[in-house]
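Shown here: data-v9.tsv, TSV, C-alpha atoms and all ligand atoms.
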```tsv
chain	number	residue	atom	x	y	z
I	1	MET	CA	115.11	96.77	122.04
I	2	MET	CA	115.44	93.40	120.47
I	3	GLU	CA	116.39	93.45	116.80
I	4	LYS	CA	115.64	90.24	114.99
I	5	SER	CA	115.92	89.13	111.42
I	6	ARG	CA	113.40	86.78	109.94
I	7	SER	CA	113.22	84.18	107.28
I	8	VAL	CA	109.85	83.82	105.68
I	9	SER	CA	108.74	80.90	103.57
I	10	SER	CA	105.94	78.41	103.79
I	11	ARG	CA	106.71	75.06	102.19
I	12	LYS	CA	109.60	74.02	100.06
I	13	SER	CA	110.79	71.12	98.04
I	14	ARG	CA	114.43	70.11	98.01
I	15	THR	CA	116.57	67.51	96.31
I	16	VAL	CA	118.45	65.11	98.58
I	17	ILE	CA	121.10	62.45	98.07
I	18	SER	CA	119.39	59.16	98.77
I	19	LYS	CA	120.78	55.81	99.80
I	20	THR	CA	117.41	54.12	99.27
I	21	PRO	CA	117.19	52.18	96.01
I	22	ALA	CA	113.48	52.90	95.41
I	23	THR	CA	112.71	55.56	92.76
I	24	GLN	CA	116.42	56.21	92.23
I	25	LYS	CA	117.77	57.78	89.06
I	26	LYS	CA	121.39	57.50	88.08
I	27	THR	CA	122.99	60.84	87.24
I	28	GLY	CA	126.77	60.60	86.81
I	29	SER	CA	128.21	58.76	89.78
I	30	LYS	CA	125.50	59.93	92.28
I	31	LEU	CA	122.11	58.46	92.95
I	32	ILE	CA	119.60	61.31	93.22
I	33	LYS	CA	116.10	61.11	94.61
I	34	SER	CA	113.67	64.02	94.41
I	35	VAL	CA	111.74	64.33	97.67
I	36	ASP	CA	108.92	66.70	98.51
I	37	VAL	CA	109.70	67.91	102.03
I	38	SER	CA	106.20	69.03	102.73
I	39	GLU	CA	106.25	69.63	106.46
I	40	PRO	CA	105.25	73.29	107.03
I	41	ILE	CA	107.99	75.67	108.05
I	42	ASP	CA	107.17	77.73	111.15
I	43	VAL	CA	107.33	81.32	109.89
I	44	LEU	CA	107.03	82.56	113.48
I	45	ALA	CA	109.68	80.24	114.97
I	46	GLU	CA	111.89	83.01	116.33
I	47	TYR	CA	109.00	84.92	117.90
I	48	ARG	CA	106.84	82.10	119.23
I	49	ASN	CA	106.36	82.24	123.02
I	50	GLN	CA	108.71	85.22	123.30
I	51	MET	CA	108.39	88.60	125.02
I	52	ILE	CA	109.92	91.16	122.68
I	53	CYS	CA	111.01	94.38	124.33
I	54	GLY	CA	110.59	97.18	121.78
I	55	ASN	CA	108.36	99.69	120.06
I	56	THR	CA	105.25	97.86	118.98
I	57	VAL	CA	104.87	99.18	115.42
I	58	GLU	CA	108.55	98.55	114.64
I	59	VAL	CA	108.38	95.02	116.04
I	60	MET	CA	105.08	94.16	114.33
I	61	ARG	CA	106.54	95.25	110.98
I	62	LYS	CA	108.98	92.34	111.28
I	63	LEU	CA	106.25	89.73	111.72
I	64	PRO	CA	105.11	87.94	108.56
I	65	ALA	CA	101.79	88.98	107.06
I	66	GLN	CA	98.78	86.80	107.90
I	67	SER	CA	100.62	84.74	110.50
I	68	ILE	CA	98.61	85.46	113.68
I	69	ASP	CA	95.26	83.93	114.70
I	70	LEU	CA	94.22	86.30	117.46
I	71	ILE	CA	95.28	89.68	118.88
I	72	VAL	CA	94.21	90.68	122.39
I	73	THR	CA	95.39	94.04	123.61
I	74	SER	CA	94.84	97.12	125.67
I	75	PRO	CA	96.83	100.12	124.44
I	76	PRO	CA	97.73	103.06	126.66
I	77	TYR	CA	94.52	105.16	126.82
I	78	ASN	CA	96.25	108.58	126.66
I	79	LEU	CA	94.76	109.29	130.06
I	80	LYS	CA	97.23	111.95	131.07
I	81	ASN	CA	95.82	114.02	128.22
I	82	SER	CA	92.66	114.96	130.09
I	83	THR	CA	90.49	118.06	130.36
I	84	GLY	CA	90.02	117.89	134.10
I	85	ASN	CA	88.79	115.11	136.30
I	86	GLY	CA	91.08	112.51	134.82
I	87	MET	CA	94.77	112.31	135.55
I	88	LYS	CA	96.03	115.48	133.94
I	89	ASP	CA	99.58	116.54	134.65
I	90	GLY	CA	100.09	113.74	137.11
I	91	ARG	CA	97.73	115.32	139.64
I	92	GLY	CA	95.66	112.17	139.70
I	93	GLY	CA	92.32	113.86	139.23
I	94	LYS	CA	89.55	113.06	141.66
I	95	TRP	CA	89.34	109.36	141.19
I	96	SER	CA	90.35	107.01	143.90
I	97	ASN	CA	92.60	104.05	143.05
I	98	ALA	CA	93.90	105.94	139.99
I	99	GLY	CA	96.49	103.26	139.32
I	100	LEU	CA	97.95	105.25	136.46
I	101	LEU	CA	98.74	108.27	138.61
I	102	ASN	CA	102.46	107.56	138.30
I	103	GLY	CA	102.11	106.65	134.63
I	104	TYR	CA	103.82	103.69	132.99
I	105	ALA	CA	107.45	102.92	133.63
I	106	ASN	CA	108.70	104.06	130.21
I	107	TYR	CA	105.79	105.85	128.61
I	108	ASP	CA	104.08	109.09	129.72
I	109	ASP	CA	100.63	108.42	128.15
I	110	CYS	CA	100.19	112.08	127.25
I	111	MET	CA	100.09	112.71	123.48
I	112	PRO	CA	98.16	115.45	121.70
I	113	HIS	CA	94.84	113.77	120.86
I	114	ASP	CA	95.24	113.83	117.05
I	115	GLU	CA	98.72	112.35	117.29
I	116	TYR	CA	97.43	109.63	119.60
I	117	VAL	CA	94.62	108.73	117.18
I	118	LEU	CA	97.07	108.51	114.25
I	119	TRP	CA	99.39	106.30	116.29
I	120	GLN	CA	96.61	103.93	117.33
I	121	ARG	CA	95.37	103.69	113.73
I	122	GLU	CA	98.93	102.85	112.65
I	123	CYS	CA	99.01	100.11	115.32
I	124	LEU	CA	95.64	98.70	114.18
I	125	THR	CA	96.80	98.77	110.54
I	126	GLU	CA	99.86	96.68	111.44
I	127	MET	CA	97.67	94.31	113.51
I	128	MET	CA	95.37	93.80	110.50
I	129	ARG	CA	98.38	93.05	108.29
I	130	VAL	CA	99.73	90.29	110.56
I	131	LEU	CA	96.29	88.78	111.18
I	132	LYS	CA	95.17	85.68	109.25
I	133	ASP	CA	92.04	85.78	107.07
I	134	ASP	CA	90.05	84.09	109.83
I	135	GLY	CA	91.61	86.09	112.66
I	136	ALA	CA	90.27	88.71	115.05
I	137	ILE	CA	91.45	91.56	117.28
I	138	PHE	CA	89.99	92.17	120.73
I	139	TYR	CA	90.93	95.83	121.27
I	140	ASN	CA	90.18	97.09	124.76
I	141	HIS	CA	89.64	100.82	125.28
I	142	LYS	CA	87.78	103.28	127.42
I	143	TRP	CA	85.17	105.83	126.43
I	144	ARG	CA	85.37	109.15	128.23
I	145	VAL	CA	83.85	112.61	128.23
I	146	GLN	CA	86.30	115.37	127.31
I	147	GLY	CA	85.24	119.03	127.20
I	148	GLY	CA	81.59	117.95	127.42
I	149	LEU	CA	81.83	115.63	124.41
I	150	LEU	CA	81.92	111.85	124.27
I	151	GLN	CA	85.23	110.44	123.11
I	152	ASP	CA	83.89	107.11	121.88
I	153	ARG	CA	87.15	106.24	120.08
I	154	ASN	CA	85.35	106.10	116.74
I	155	ASP	CA	88.16	108.24	115.35
I	156	ILE	CA	90.53	105.35	116.10
I	157	VAL	CA	88.44	102.40	114.85
I	158	ASP	CA	86.70	104.14	111.93
I	159	GLY	CA	87.21	102.09	108.75
I	160	PHE	CA	88.38	98.95	110.57
I	161	PRO	CA	85.96	95.99	110.46
I	162	VAL	CA	84.38	96.38	113.91
I	163	ARG	CA	81.97	93.47	114.27
I	164	GLN	CA	80.77	93.88	117.84
I	165	ILE	CA	81.37	95.87	121.02
I	166	ILE	CA	81.65	93.98	124.29
I	167	ILE	CA	81.18	95.85	127.54
I	168	TRP	CA	83.60	94.78	130.24
I	169	ARG	CA	81.92	95.56	133.54
I	170	ARG	CA	84.71	95.90	136.06
I	171	LYS	CA	83.61	94.93	139.52
I	172	GLY	CA	85.21	96.79	142.42
I	173	GLY	CA	86.50	100.29	143.15
I	174	ILE	CA	85.78	103.11	145.59
I	175	ASN	CA	84.70	106.61	144.55
I	176	PHE	CA	85.73	109.77	146.40
I	177	ASN	CA	84.53	112.02	143.57
I	178	LYS	CA	81.31	113.78	144.64
I	179	GLY	CA	80.42	114.87	141.12
I	180	TYR	CA	80.48	111.58	139.25
I	181	PHE	CA	79.17	108.05	139.60
I	182	LEU	CA	81.87	105.44	139.97
I	183	PRO	CA	83.11	104.46	136.47
I	184	THR	CA	82.69	100.69	136.14
I	185	TYR	CA	82.97	99.74	132.49
I	186	GLU	CA	85.39	99.57	129.60
I	187	VAL	CA	84.78	98.49	126.02
I	188	ILE	CA	86.32	95.72	123.96
I	189	TYR	CA	86.04	96.16	120.20
I	190	LEU	CA	85.85	92.87	118.35
I	191	ILE	CA	87.51	93.75	115.04
I	192	ALA	CA	87.25	90.69	112.83
I	193	LYS	CA	88.39	89.55	109.41
I	194	PRO	CA	85.54	88.13	107.29
I	195	LYS	CA	86.23	84.43	107.94
I	196	PHE	CA	86.46	84.76	111.74
I	197	VAL	CA	84.06	82.54	113.68
I	198	LEU	CA	83.75	81.93	117.40
I	199	ALA	CA	84.66	78.62	119.01
I	200	PRO	CA	81.75	76.19	119.44
I	201	LYS	CA	79.23	77.39	122.08
I	202	ALA	CA	81.04	80.73	122.70
I	203	ASN	CA	78.15	82.55	121.03
I	204	SER	CA	76.03	81.79	124.10
I	205	TYR	CA	77.91	84.45	126.08
I	206	GLY	CA	76.20	87.82	126.14
I	207	ASP	CA	77.96	91.03	125.18
I	208	ILE	CA	78.33	92.33	128.75
I	209	TRP	CA	81.11	90.56	130.61
I	210	GLU	CA	81.67	90.96	134.32
I	211	PHE	CA	85.21	90.40	135.59
I	212	THR	CA	86.71	91.78	138.78
I	213	GLN	CA	89.54	94.25	138.38
I	214	GLU	CA	93.01	92.77	138.93
I	215	LEU	CA	94.21	93.92	142.33
I	216	ASN	CA	97.37	91.90	142.96
I	217	ASN	CA	99.47	93.17	140.10
I	218	PRO	CA	101.83	96.16	140.45
I	219	HIS	CA	101.41	97.12	136.77
I	220	PRO	CA	99.16	100.23	136.71
I	221	ALA	CA	96.62	98.86	134.21
I	222	PRO	CA	96.62	95.06	134.12
I	223	PHE	CA	93.97	92.81	132.57
I	224	PRO	CA	92.39	90.21	134.85
I	225	VAL	CA	93.69	86.81	133.68
I	226	ASP	CA	90.18	85.30	133.54
I	227	LEU	CA	88.98	88.03	131.14
I	228	ILE	CA	91.70	87.06	128.67
I	229	GLU	CA	90.99	83.37	129.17
I	230	ARG	CA	87.35	84.11	128.22
I	231	ILE	CA	88.52	85.79	125.00
I	232	ILE	CA	91.04	83.10	124.06
I	233	THR	CA	88.69	80.19	124.72
I	234	SER	CA	85.98	81.93	122.69
I	235	THR	CA	88.19	81.45	119.62
I	236	ASN	CA	90.00	78.59	117.91
I	237	ALA	CA	93.29	80.52	117.98
I	238	LYS	CA	96.56	78.67	118.28
I	239	ILE	CA	98.77	81.76	118.50
I	240	VAL	CA	97.88	84.99	120.29
I	241	LEU	CA	99.69	88.33	119.92
I	242	ASP	CA	99.52	91.17	122.45
I	243	PRO	CA	101.29	94.26	121.03
I	244	PHE	CA	101.01	96.09	124.40
I	245	MET	CA	101.81	93.20	126.70
I	246	GLY	CA	102.47	95.15	129.92
I	247	SER	CA	102.83	92.67	132.77
I	248	GLY	CA	102.31	89.62	130.55
I	249	THR	CA	98.67	88.79	131.33
I	250	THR	CA	97.78	87.71	127.77
I	251	ALA	CA	100.75	85.34	127.71
I	252	VAL	CA	99.86	83.90	131.12
I	253	ALA	CA	96.28	83.26	129.94
I	254	ALA	CA	97.50	81.77	126.63
I	255	LYS	CA	99.83	79.42	128.49
I	256	ILE	CA	97.05	78.27	130.84
I	257	GLN	CA	94.93	77.52	127.77
I	258	SER	CA	97.81	75.71	125.96
I	259	ARG	CA	98.06	78.31	123.19
I	260	ASP	CA	101.20	80.02	121.93
I	261	PHE	CA	101.79	83.74	122.39
I	262	ILE	CA	103.93	86.66	121.23
I	263	GLY	CA	104.22	89.71	123.47
I	264	ILE	CA	105.56	93.17	122.67
I	265	GLU	CA	106.22	95.77	125.36
I	266	ILE	CA	108.31	98.95	125.37
I	267	SER	CA	109.25	98.99	129.03
I	268	PRO	CA	112.20	96.76	129.99
I	269	ASP	CA	110.84	96.66	133.56
I	270	TYR	CA	107.46	95.32	132.46
I	271	CYS	CA	109.17	92.91	130.03
I	272	GLU	CA	111.15	91.49	132.94
I	273	MET	CA	108.02	91.27	135.06
I	274	ALA	CA	106.13	89.53	132.24
I	275	LYS	CA	108.92	87.01	131.66
I	276	ALA	CA	109.00	86.17	135.37
I	277	ARG	CA	105.20	85.72	135.47
I	278	ILE	CA	105.21	83.55	132.35
I	279	ASP	CA	107.97	81.35	133.78
I	280	GLY	CA	106.18	81.13	137.12
I	281	ARG	CA	108.99	82.96	138.93
I	282	GLU	CA	108.56	85.60	141.63
I	283	TRP	CA	108.30	89.02	140.02
I	284	GLN	CA	109.69	92.27	141.28
I	285	ASP	CA	107.40	95.30	141.55
I	286	PRO	CA	108.72	97.67	138.81
I	287	ASN	CA	107.26	100.66	140.71
I	288	SER	CA	109.69	100.15	143.53
I	289	GLU	CA	112.50	101.06	141.12
I	290	LEU	CA	110.67	104.17	139.92
I	291	GLN	CA	110.66	105.91	143.28
E	301	LIG	C1	97.27	99.30	129.26
E	301	LIG	S1	98.90	98.74	129.41
E	301	LIG	C2	98.77	97.01	129.05
E	301	LIG	C3	98.65	96.19	130.31
E	301	LIG	C4	98.50	94.70	130.02
E	301	LIG	N1	97.24	94.42	129.37
E	301	LIG	C5	98.61	93.90	131.32
E	301	LIG	O1	97.72	93.06	131.60
E	301	LIG	O2	99.56	94.10	132.08
E	301	LIG	C6	99.71	99.37	128.00
E	301	LIG	C7	101.19	99.03	127.89
E	301	LIG	O3	101.69	99.53	126.67
E	301	LIG	C8	103.07	99.84	126.85
E	301	LIG	N2	103.51	100.70	125.74
E	301	LIG	C9	103.36	102.05	125.60
E	301	LIG	N3	103.87	102.47	124.43
E	301	LIG	C10	104.33	101.37	123.79
E	301	LIG	C11	104.95	101.16	122.53
E	301	LIG	N4	105.19	102.17	121.68
E	301	LIG	N5	105.31	99.90	122.18
E	301	LIG	C12	105.08	98.86	123.04
E	301	LIG	N6	104.49	99.00	124.25
E	301	LIG	C13	104.11	100.24	124.62
E	301	LIG	C14	103.11	100.48	128.24
E	301	LIG	O4	104.41	100.42	128.80
E	301	LIG	C15	102.07	99.63	128.99
E	301	LIG	O5	102.70	98.58	129.72
```
If you convert what's in this file into structure tokens, what do you get?
Amino acid sequence: MMEKSRSVSSRKSRTVISKTPATQKKTGSKLIKSVDVSEPIDVLAEYRNQMICGNTVEVMRKLPAQSIDLIVTSPPYNLKNSTGNGMKDGRGGKWSNAGLLNGYANYDDCMPHDEYVLWQRECLTEMMRVLKDDGAIFYNHKWRVQGGLLQDRNDIVDGFPVRQIIIWRRKGGINFNKGYFLPTYEVIYLIAKPKFVLAPKANSYGDIWEFTQELNNPHPAPFPVDLIERIITSTNAKIVLDPFMGSGTTAVAAKIQSRDFIGIEISPDYCEMAKARIDGREWQDPNSELQ
């Protein structure tokens, strides 16, 4: 876990010793000139374009308030906490290509539901704190049926300023489950502060987005890079935070689009993988170390 201190200030004025005769005042034996050093100080300097390996709420608490333009993230879905056909107890359920069967490298994705909801609300609260007044969060999640009832995640997002729901239609997948149609969609909540506006022309996209599932990434639940590029280019953001960075997809997309990023991830294996991807190095499959 990376512990970092921070220094937060925006602009400052300082007095400097000047050798220039213009506007000089004589005070004692020194010539003093008062100069307004008005270049902005980068409050995120120590975090900019960094992968931070740590617990997301603890790390976010260190980021200055209202410093981030855009947050794009997919939290763990708590999929191991399932009533049956999901991935309960590591049995894998009945779904084919259940990438999360082995879970994440350092997180078991199996909290009691109420605890999970409280945790996610705590995460969203911290995201809202660090977001600028014209910023937005694209929060990816999955609806599911549990015990015959729809878990539409309203318990997580209730009270946050949800502006729109985008359906991500995931192309691809094979179904060996005789009782269910192949699940093909996830949701992306656009949670926006009041002054958030889309980039020019982005409002011509519909609210159903089709992007093929990422297949060449050993992380169990990666975003497709082009999905994140769609989100980033739909905004005017200069700096993008992903508090659950996983294999680094949000950073890779931000870099392609010449934006800055900050990534937070609890697993040292995924952090390593993300750093390698961001730097364009070969990455090692973290799963190979799990077995
Ligand atoms: C759905 S995955 C994100 C995958 C990512 N979008 C990608 O493209 O690779 C969720 C990630 O959250 C991480 N995670 C779980 N608990 C965490 C915590 N408390 N703090 C930070 N990261 C955490 C998991 O290790 C996992 O990599």
Checklist entry - For I:Gly159, which residue out of I:Ile239, I:Leu124, I:Ala276, I:Leu227 is the nearest one, using all atoms listed in the file? => result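 Checking each of I:Ile239, I:Leu124, I:Ala276, I:Leu227 against I:Gly159, counting all atoms listed in the file, the winner is I:Leu124.
Neighbours of I:Ile208 closer than or equal to 9 Å, with all atoms listed in the file counted and sequence neighbours fewer than 4 positions away skipped, come out as Ile166, Ile167, Trp168 and Arg169 of chain I.
Atom CA of I:Leu79 lies 6.7 Å from atom CA of I:Cys110.
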Do you have, as JSON lines, the list of residues of chain I lying at most 6 Å from ligand LIG 301 (chain E), each with its nearest atom pair and that distance in Å to one decimal, counting only C-alpha atoms and all ligand atoms and ordered by chain then number?
```
{"residue": "I:Gly54", "atom": "CA", "partner": "E:LIG301", "partner_atom": "C12", "distance": 5.9}
{"residue": "I:Asn55", "atom": "CA", "partner": "E:LIG301", "partner_atom": "N5", "distance": 3.7}
{"residue": "I:Thr56", "atom": "CA", "partner": "E:LIG301", "partner_atom": "N5", "distance": 3.8}
{"residue": "I:Ser74", "atom": "CA", "partner": "E:LIG301", "partner_atom": "C1", "distance": 4.9}
{"residue": "I:Pro75", "atom": "CA", "partner": "E:LIG301", "partner_atom": "C6", "distance": 4.6}
{"residue": "I:Pro76", "atom": "CA", "partner": "E:LIG301", "partner_atom": "C6", "distance": 4.4}
{"residue": "I:Tyr104", "atom": "CA", "partner": "E:LIG301", "partner_atom": "O4", "distance": 5.3}
{"residue": "I:Asn106", "atom": "CA", "partner": "E:LIG301", "partner_atom": "O4", "distance": 5.8}
{"residue": "I:Tyr107", "atom": "CA", "partner": "E:LIG301", "partner_atom": "C9", "distance": 5.4}
{"residue": "I:His219", "atom": "CA", "partner": "E:LIG301", "partner_atom": "O2", "distance": 5.9}
{"residue": "I:Ala221", "atom": "CA", "partner": "E:LIG301", "partner_atom": "C1", "distance": 5.0}
{"residue": "I:Pro222", "atom": "CA", "partner": "E:LIG301", "partner_atom": "O1", "distance": 3.4}
{"residue": "I:Phe223", "atom": "CA", "partner": "E:LIG301", "partner_atom": "O1", "distance": 3.9}
{"residue": "I:Phe244", "atom": "CA", "partner": "E:LIG301", "partner_atom": "O3", "distance": 4.2}
{"residue": "I:Met245", "atom": "CA", "partner": "E:LIG301", "partner_atom": "C4", "distance": 4.9}
{"residue": "I:Gly246", "atom": "CA", "partner": "E:LIG301", "partner_atom": "O5", "distance": 3.4}
{"residue": "I:Ser247", "atom": "CA", "partner": "E:LIG301", "partner_atom": "O2", "distance": 3.6}
{"residue": "I:Gly248", "atom": "CA", "partner": "E:LIG301", "partner_atom": "O2", "distance": 5.5}
{"residue": "I:Thr249", "atom": "CA", "partner": "E:LIG301", "partner_atom": "O1", "distance": 4.4}
{"residue": "I:Ile264", "atom": "CA", "partner": "E:LIG301", "partner_atom": "C12", "distance": 5.7}
{"residue": "I:Glu265", "atom": "CA", "partner": "E:LIG301", "partner_atom": "N6", "distance": 3.8}
{"residue": "I:Ile266", "atom": "CA", "partner": "E:LIG301", "partner_atom": "N6", "distance": 4.0}
{"residue": "I:Ser267", "atom": "CA", "partner": "E:LIG301", "partner_atom": "O4", "distance": 5.1}
```
Checklist entry - Got a sec: who's within 8 Å of I:Leu198, counting all atoms listed in the file, leaving out chain neighbours fewer than 6 positions off, as JSON, numbers by chain? => result {"I": [234, 235, 236]}
Checklist entry - Which polymer residues have any atom within 12 Å of an atom of I:Asp114, counting only C-alpha atoms, with same-chain residues fewer than 5 positions away left out, as a PyMOL selection string? => result chain I and resi 78+81+119-121+153+155-156
Next on the checklist: Let me make sure I understand: among I:Val59, I:Ala199, I:Ile188, I:Leu215, which one has the smallest atom-to-atom distance to I:Gly172 if we use only C-alpha atoms?
Outcome noted: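 The closest residue to I:Gly172 is I:Leu215.
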Next on the checklist: Quick check, in Å to one decimal: how far apart do atom CA of I:Tyr139 and atom CA of I:Asp279 lie?
Outcome noted: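 So the answer is 25.6 Å.
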Checklist entry - At what distance in Å, to one decimal, does atom CA of I:Gly280 lie from atom CA of I:Leu70? => result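 It comes out at 23.6 Å.
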Item to check | Pick from I:Gln257, I:Ile71, I:Gly147, I:Lys142 nearest to I:Val187, counting all atoms listed in the file | outcome: I:Lys142
Checklist entry - Which is closer to I:Asp158 than all the others in I:Lys201, I:Glu210, I:Ile191, I:Pro224, using all atoms listed in the file? => result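 The closest residue to I:Asp158 is I:Ile191.
Close contacts of I:Thr250, defined as residues with an atom at most 9 Å away when counting all atoms listed in the file, with chain neighbours fewer than 3 positions off set aside, comprise Val72, Thr73, Phe223, Val225, Ile228, Glu229, Ile232, Val240, Leu241, Asp242, Met245, Ser247, Ala253, Ala254, Lys255, Phe261 and Gly263 of chain I.
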Checklist entry - Nearest to I:Ala136: which of I:Asp207, I:Asp226, I:Ala237, I:Asn217 is it, counting all atoms listed in the file? => result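 Smallest separation from I:Ala136 among the options: I:Ala237.
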Checklist entry - Using only C-alpha atoms, which residue out of I:Arg170, I:Arg281, I:Arg129, I:His113 lies closest to I:Leu63? => result I:Arg129
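Proximity to I:Gln50 at 8 Å, evaluated using all atoms listed in the file and with sequence-adjacent residues fewer than 2 positions away removed, yields Glu46, Tyr47, Arg48, Ile52, Phe261, Ile262 and Gly263 of chain I.
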